[in-house]
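Novice: Pasting work.tsv below, which is TSV, C-alpha atoms.
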```
chain	number	residue	atom	x	y	z
A	1	MET	CA	28.73	18.85	35.64
A	2	VAL	CA	30.35	21.00	32.96
A	3	SER	CA	33.38	19.58	31.16
A	4	PRO	CA	36.58	21.54	31.84
A	5	GLN	CA	38.24	23.65	29.17
A	6	ALA	CA	41.14	22.12	27.25
A	7	VAL	CA	43.87	24.34	28.76
A	8	VAL	CA	47.36	23.07	29.57
A	9	PRO	CA	48.29	24.11	33.13
A	10	LYS	CA	50.92	26.87	33.20
A	11	GLU	CA	53.17	24.97	35.61
A	12	ILE	CA	53.42	21.96	33.28
A	13	GLU	CA	56.12	21.61	30.66
A	14	VAL	CA	56.83	18.42	28.80
A	15	SER	CA	60.51	18.72	28.01
A	16	LYS	CA	61.49	15.12	27.45
A	17	PRO	CA	59.93	12.57	25.16
A	18	ALA	CA	58.17	9.58	26.70
A	19	ALA	CA	60.03	6.31	27.13
A	20	ALA	CA	59.84	3.78	24.32
A	21	GLY	CA	56.35	2.30	24.04
A	22	LYS	CA	54.84	5.01	26.28
A	23	THR	CA	52.94	8.25	25.72
A	24	ASN	CA	53.14	11.50	27.69
A	25	VAL	CA	49.77	12.38	29.21
A	26	ILE	CA	49.26	15.74	30.93
A	27	VAL	CA	46.83	15.16	33.79
A	28	ASP	CA	44.99	18.02	35.47
A	29	ALA	CA	42.14	18.14	37.98
A	30	ASN	CA	40.59	21.26	36.47
A	31	GLY	CA	43.11	23.48	38.25
A	32	GLU	CA	42.85	21.73	41.64
A	33	ARG	CA	45.36	19.54	43.44
A	34	ALA	CA	44.27	15.92	43.39
A	35	SER	CA	45.81	12.51	43.76
A	36	VAL	CA	45.74	10.65	40.44
A	37	SER	CA	45.80	6.87	40.41
A	38	GLU	CA	45.43	4.23	37.75
A	39	VAL	CA	42.75	1.68	38.55
A	40	SER	CA	42.66	-1.83	37.13
A	41	PHE	CA	39.92	-4.29	37.92
A	42	ILE	CA	40.90	-7.79	39.00
A	43	GLY	CA	39.33	-10.95	40.33
A	44	PRO	CA	35.80	-10.89	41.68
A	45	PRO	CA	33.48	-8.00	40.80
A	46	ARG	CA	34.48	-4.68	42.36
A	47	ALA	CA	38.02	-5.86	43.24
A	48	GLU	CA	40.48	-3.14	42.29
A	49	ASN	CA	44.20	-2.70	41.98
A	50	VAL	CA	45.06	0.99	42.51
A	51	LYS	CA	48.46	2.42	41.56
A	52	ARG	CA	49.16	6.04	42.50
A	53	LEU	CA	50.64	7.99	39.61
A	54	CYS	CA	51.06	11.59	40.78
A	55	VAL	CA	49.46	14.69	42.27
A	56	ALA	CA	47.80	16.74	39.55
A	57	PRO	CA	48.72	18.76	37.66
A	58	CYS	CA	51.43	16.44	36.36
A	59	VAL	CA	52.74	14.48	33.38
A	60	VAL	CA	52.54	10.67	33.38
A	61	GLU	CA	53.82	8.14	30.89
A	62	LEU	CA	51.22	5.54	29.94
A	63	ALA	CA	51.28	2.61	27.55
A	64	PRO	CA	48.91	2.83	24.60
A	65	GLY	CA	45.49	1.35	25.31
A	66	PRO	CA	42.57	1.96	27.67
A	67	HIS	CA	43.20	3.27	31.18
A	68	VAL	CA	40.95	4.19	34.12
A	69	LEU	CA	42.23	7.17	36.10
A	70	ARG	CA	40.90	8.06	39.54
A	71	PHE	CA	41.07	11.67	40.67
A	72	ALA	CA	40.70	12.18	44.44
A	73	ASP	CA	40.84	15.35	46.50
A	74	GLU	CA	43.32	14.61	49.29
A	75	ARG	CA	41.54	16.95	51.72
A	76	ASP	CA	37.90	16.02	51.01
A	77	ALA	CA	37.07	12.30	50.79
A	78	THR	CA	33.65	13.04	49.26
A	79	ARG	CA	35.31	14.44	46.12
A	80	ALA	CA	36.58	11.71	43.83
A	81	SER	CA	35.67	10.22	40.47
A	82	ASP	CA	37.01	8.02	37.72
A	83	THR	CA	37.46	8.61	34.01
A	84	ARG	CA	38.34	6.22	31.21
A	85	ILE	CA	40.83	7.32	28.56
A	86	ASP	CA	42.20	5.63	25.45
A	87	VAL	CA	45.88	6.38	24.96
A	88	ASP	CA	47.57	6.10	21.57
A	89	GLU	CA	51.01	7.26	20.40
A	90	LYS	CA	50.13	10.99	20.45
A	91	PRO	CA	50.65	13.07	23.61
A	92	ARG	CA	47.41	14.22	25.19
A	93	LEU	CA	45.85	16.46	27.80
A	94	VAL	CA	43.32	15.03	30.24
A	95	ARG	CA	41.46	17.58	32.40
A	96	HIS	CA	38.97	16.21	34.87
A	97	ALA	CA	36.47	18.02	37.10
A	98	MET	CA	36.02	15.74	40.11
A	99	GLY	CA	32.62	14.46	41.07
A	100	ARG	CA	31.21	14.22	44.58
A	101	THR	CA	29.52	11.54	46.68
A	102	GLU	CA	27.51	12.69	49.66
A	103	LYS	CA	26.35	10.22	52.27
A	104	ALA	CA	23.69	10.69	54.92
A	105	ASP	CA	25.04	8.06	57.31
A	106	GLY	CA	23.20	9.36	60.37
A	107	TRP	CA	19.78	9.04	58.75
A	108	ASN	CA	20.66	5.63	57.33
A	109	LYS	CA	21.74	4.29	60.71
A	110	ALA	CA	18.67	5.78	62.41
A	111	GLY	CA	16.45	4.17	59.74
A	112	TRP	CA	18.04	0.77	60.28
A	113	ALA	CA	17.72	1.14	64.07
A	114	LEU	CA	14.02	1.99	63.79
A	115	PHE	CA	13.38	-0.83	61.33
A	116	LEU	CA	15.22	-3.51	63.32
A	117	GLY	CA	13.95	-2.25	66.69
A	118	GLY	CA	10.39	-2.10	65.34
A	119	ALA	CA	10.68	-5.63	63.96
A	120	GLY	CA	11.84	-6.79	67.39
A	121	VAL	CA	8.90	-5.09	69.08
A	122	VAL	CA	6.51	-6.79	66.60
A	123	GLY	CA	8.07	-10.10	67.65
A	124	ILE	CA	7.42	-9.27	71.31
A	125	GLY	CA	3.80	-8.47	70.41
A	126	GLY	CA	3.55	-11.90	68.79
A	127	LEU	CA	4.89	-13.56	71.94
A	128	LEU	CA	2.35	-11.66	74.06
A	129	ALA	CA	-0.47	-12.74	71.75
A	130	ASP	CA	0.68	-16.32	72.05
A	131	GLN	CA	0.72	-15.98	75.86
A	132	SER	CA	-2.82	-14.54	75.89
A	133	ALA	CA	-4.21	-17.63	74.14
A	134	SER	CA	-2.18	-20.28	75.95
A	135	GLY	CA	-3.18	-21.96	79.13
A	136	GLU	CA	-6.64	-22.66	80.43
A	137	LYS	CA	-7.97	-19.12	80.47
A	138	PHE	CA	-8.04	-16.53	77.63
A	139	ASP	CA	-6.66	-13.15	78.77
A	140	PRO	CA	-8.20	-10.29	76.74
A	141	ASP	CA	-6.01	-7.65	78.43
A	142	MET	CA	-2.88	-9.53	77.33
A	143	LEU	CA	-4.24	-9.71	73.76
A	144	THR	CA	-4.89	-5.95	73.80
A	145	ALA	CA	-1.32	-5.35	74.99
A	146	ALA	CA	-0.02	-7.70	72.28
A	147	ILE	CA	-1.90	-5.86	69.53
A	148	ALA	CA	-0.76	-2.45	70.83
A	149	THR	CA	2.84	-3.68	71.00
A	150	ALA	CA	2.71	-5.07	67.46
A	151	VAL	CA	1.19	-1.83	66.11
A	152	VAL	CA	3.89	0.29	67.78
A	153	GLY	CA	6.64	-2.00	66.47
A	154	GLY	CA	5.17	-2.05	62.96
A	155	THR	CA	4.94	1.75	62.96
A	156	LEU	CA	8.58	2.09	64.00
A	157	ALA	CA	9.68	-0.35	61.28
A	158	LEU	CA	7.61	1.45	58.63
A	159	VAL	CA	9.08	4.82	59.61
A	160	GLY	CA	12.60	3.36	59.32
A	161	ILE	CA	12.16	2.14	55.72
A	162	PRO	CA	11.74	5.56	54.05
A	163	MET	CA	14.60	6.92	56.19
A	164	MET	CA	16.90	4.21	54.78
A	165	ILE	CA	15.74	4.85	51.21
A	166	ALA	CA	16.06	8.64	51.47
A	167	SER	CA	19.58	8.41	52.89
A	168	ARG	CA	21.17	6.52	50.00
A	169	PRO	CA	24.42	8.15	48.81
A	170	GLN	CA	23.96	10.89	46.22
A	171	THR	CA	26.61	10.83	43.49
A	172	GLN	CA	27.49	13.60	41.06
A	173	GLN	CA	29.68	12.21	38.28
A	174	GLY	CA	32.86	13.99	37.24
A	175	ALA	CA	33.42	15.43	33.76
A	176	THR	CA	36.47	14.99	31.53
A	177	THR	CA	37.96	16.82	28.58
A	178	GLU	CA	40.59	14.92	26.62
A	179	VAL	CA	42.50	16.32	23.65
A	180	LYS	CA	45.43	15.16	21.60
A	181	LEU	CA	48.39	17.53	21.58
A	182	ALA	CA	50.91	18.31	18.88
A	183	ARG	CA	54.10	16.31	19.36
A	184	ARG	CA	56.57	18.05	21.64
```
Write the structure described by the file as structure tokens, please.
Specialist:
Amino acid sequence: MVSPQAVVPKEIEVSKPAAAGKTNVIVDANGERASVSEVSFIGPPRAENVKRLCVAPCVVELAPGPHVLRFADERDATRASDTRIDVDEKPRLVRHAMGRTEKADGWNKAGWALFLGGAGVVGIGGLLADQSASGEKFDPDMLTAAIATAVVGGTLALVGIPMMIASRPQTQQGATTEVKLARR
């Protein structure tokens, strides 16, 4: 993804200075409307605290230090991405081109169904094989049915595995341009 140009949106004007201990940050989603939230990570891995800041383009006041901002298209849930910025005492512009995550849920579910169903059919083949050898008389027809059942089940399971692998989510990362601005 190409980083956006460092252009302040026309509709944004920073007329007042930031509160004490804060810095004005102009946030823009590369000319698109997007929900902007600050994400902090807490507790166990992947646990997040998300605080909505504004709808871009907008101006937010942030304390100096590192921040993770999440840009999310409110109309398209597949378009969202995070960026990390380091805020100091100088006002700045942050323009972010949102990334995209595409999921192939149908193929993934079908792959799992084939894999689990095939594994179950292999189990049935094993039970049939056990039945063919039990008792006083060996039944070759039952053994043939058991082998055929196990082969069909194994084939189904093996077809499901590549379907699950091929349907993993595809992620395109976002791109960010961050520049310090002259004091306003």
Novice: Once you count all atoms listed in the file, which residues end up no further than 12 Å from (52.4, 12.0, 40.4) in the file's frame, shown as a VMD selection string?
Specialist: chain A and resid 25 to 28 33 to 38 51 to 61 71
Novice: Considering only C-alpha atoms, can you say which of A:Asp139, A:Thr149, A:Ala72, A:Glu48 comes closest to Gly118 in chain A?
Specialist: A:Thr149
Novice: Go ahead and find all residues with at least one atom no further than 12 Å from (-1.0, -6.8, 75.2) in the file's coordinates, using only C-alpha atoms; report them as a list in words.
Specialist: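 Checked against the point, the hits come out as Val121, Val122, Ile124, Gly125, Gly126, Leu127, Leu128, Ala129, Asp130, Gln131, Ser132, Ala133, Asp139, Pro140, Asp141, Met142, Leu143, Thr144, Ala145, Ala146, Ile147, Ala148, Thr149, Ala150, Val151 and Val152 of chain A.
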Novice: In Å, rounded to a single decimal, give me how far CA of Ser40 in chain A is from CA of Asp86 in chain A.
Specialist: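 Value for the CA of Asp86 in chain A-CA of Ser40 in chain A distance: 13.9 Å.
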Novice: Between CA of Arg168 in chain A and CA of Leu116 in chain A, what is the spacing in Å?
Specialist: 17.7 Å
Novice: Please indicate the distance in Å from CA of Val39 in chain A to CA of Ser81 in chain A, rounded to one decimal place.
Specialist: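 Computing the Euclidean distance for CA of Val39 in chain A and CA of Ser81 in chain A yields 11.3 Å.
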Novice: Check the smallest atom-to-atom distance from each of A:Leu93, A:Val7, A:Ile161, A:Ala18 to Trp107 in chain A using only C-alpha atoms, then report the winner.
Specialist: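 Counting only C-alpha atoms, the residue closest to Trp107 in chain A is A:Ile161.
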Novice: Excluding range 109-115 of chain A and its own-chain neighbours fewer than 3 positions away, which residues fall within 10 Å of it when counting all atoms listed in the file? Please give them as a ChimeraX atom specification.
Specialist: /A:104-106,118-121,153-167
Novice: With distances taken over only C-alpha atoms, which of A:Gly174, A:Arg95, A:Pro169, A:Lys90 is nearest to Asn108 in chain A?
Specialist: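 Of the candidates, the smallest distance to Asn108 in chain A is held by A:Pro169.
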Novice: Could you list, with a cut-off of 10 Å and counting only C-alpha atoms, the residues of range 57-149 of chain A near range 175-178 of chain A, each shown with its nearest atom pair and the distance in Å rounded to one decimal, rows sorted by chain and ascending number, as CSV?
Specialist:
```
residue,atom,partner,partner_atom,distance
A:Ser81,CA,A:Ala175,CA,8.8
A:Asp82,CA,A:Ala175,CA,9.1
A:Thr83,CA,A:Thr176,CA,6.9
A:Arg84,CA,A:Thr176,CA,9.0
A:Ile85,CA,A:Glu178,CA,7.8
A:Asp86,CA,A:Glu178,CA,9.5
A:Arg92,CA,A:Glu178,CA,7.0
A:Leu93,CA,A:Glu178,CA,5.6
A:Val94,CA,A:Glu178,CA,4.5
A:Arg95,CA,A:Thr177,CA,5.2
A:His96,CA,A:Thr176,CA,4.3
A:Ala97,CA,A:Ala175,CA,5.2
A:Met98,CA,A:Ala175,CA,6.9
A:Gly99,CA,A:Ala175,CA,7.4
```
Novice: Selected residues, C-alpha atoms, written as a compact mmCIF listing (two decimals), in the frame of the given file, please.
Specialist:
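Written output follows (selection.txt):
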```txt
# COMPACT_ATOMS: atom_id res chain seq x y z
CA SER A 81 35.67 10.22 40.47
CA ASP A 82 37.01 8.02 37.72
CA THR A 83 37.46 8.61 34.01
CA ARG A 84 38.34 6.22 31.21
CA ILE A 85 40.83 7.32 28.56
CA ASP A 86 42.20 5.63 25.45
CA ARG A 92 47.41 14.22 25.19
CA LEU A 93 45.85 16.46 27.80
CA VAL A 94 43.32 15.03 30.24
CA ARG A 95 41.46 17.58 32.40
CA HIS A 96 38.97 16.21 34.87
CA ALA A 97 36.47 18.02 37.10
CA MET A 98 36.02 15.74 40.11
CA GLY A 99 32.62 14.46 41.07
```
Novice: So that I can see what lies close to Ala63 in chain A, please list as a list in words the residues with an atom at most 7 Å from it, counting only C-alpha atoms and leaving out residues fewer than 2 positions away in the same chain.
Specialist: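 Final neighbour list, sorted by chain and number: Gly21, Lys22, Thr23, Glu61 and Gly65 of chain A.
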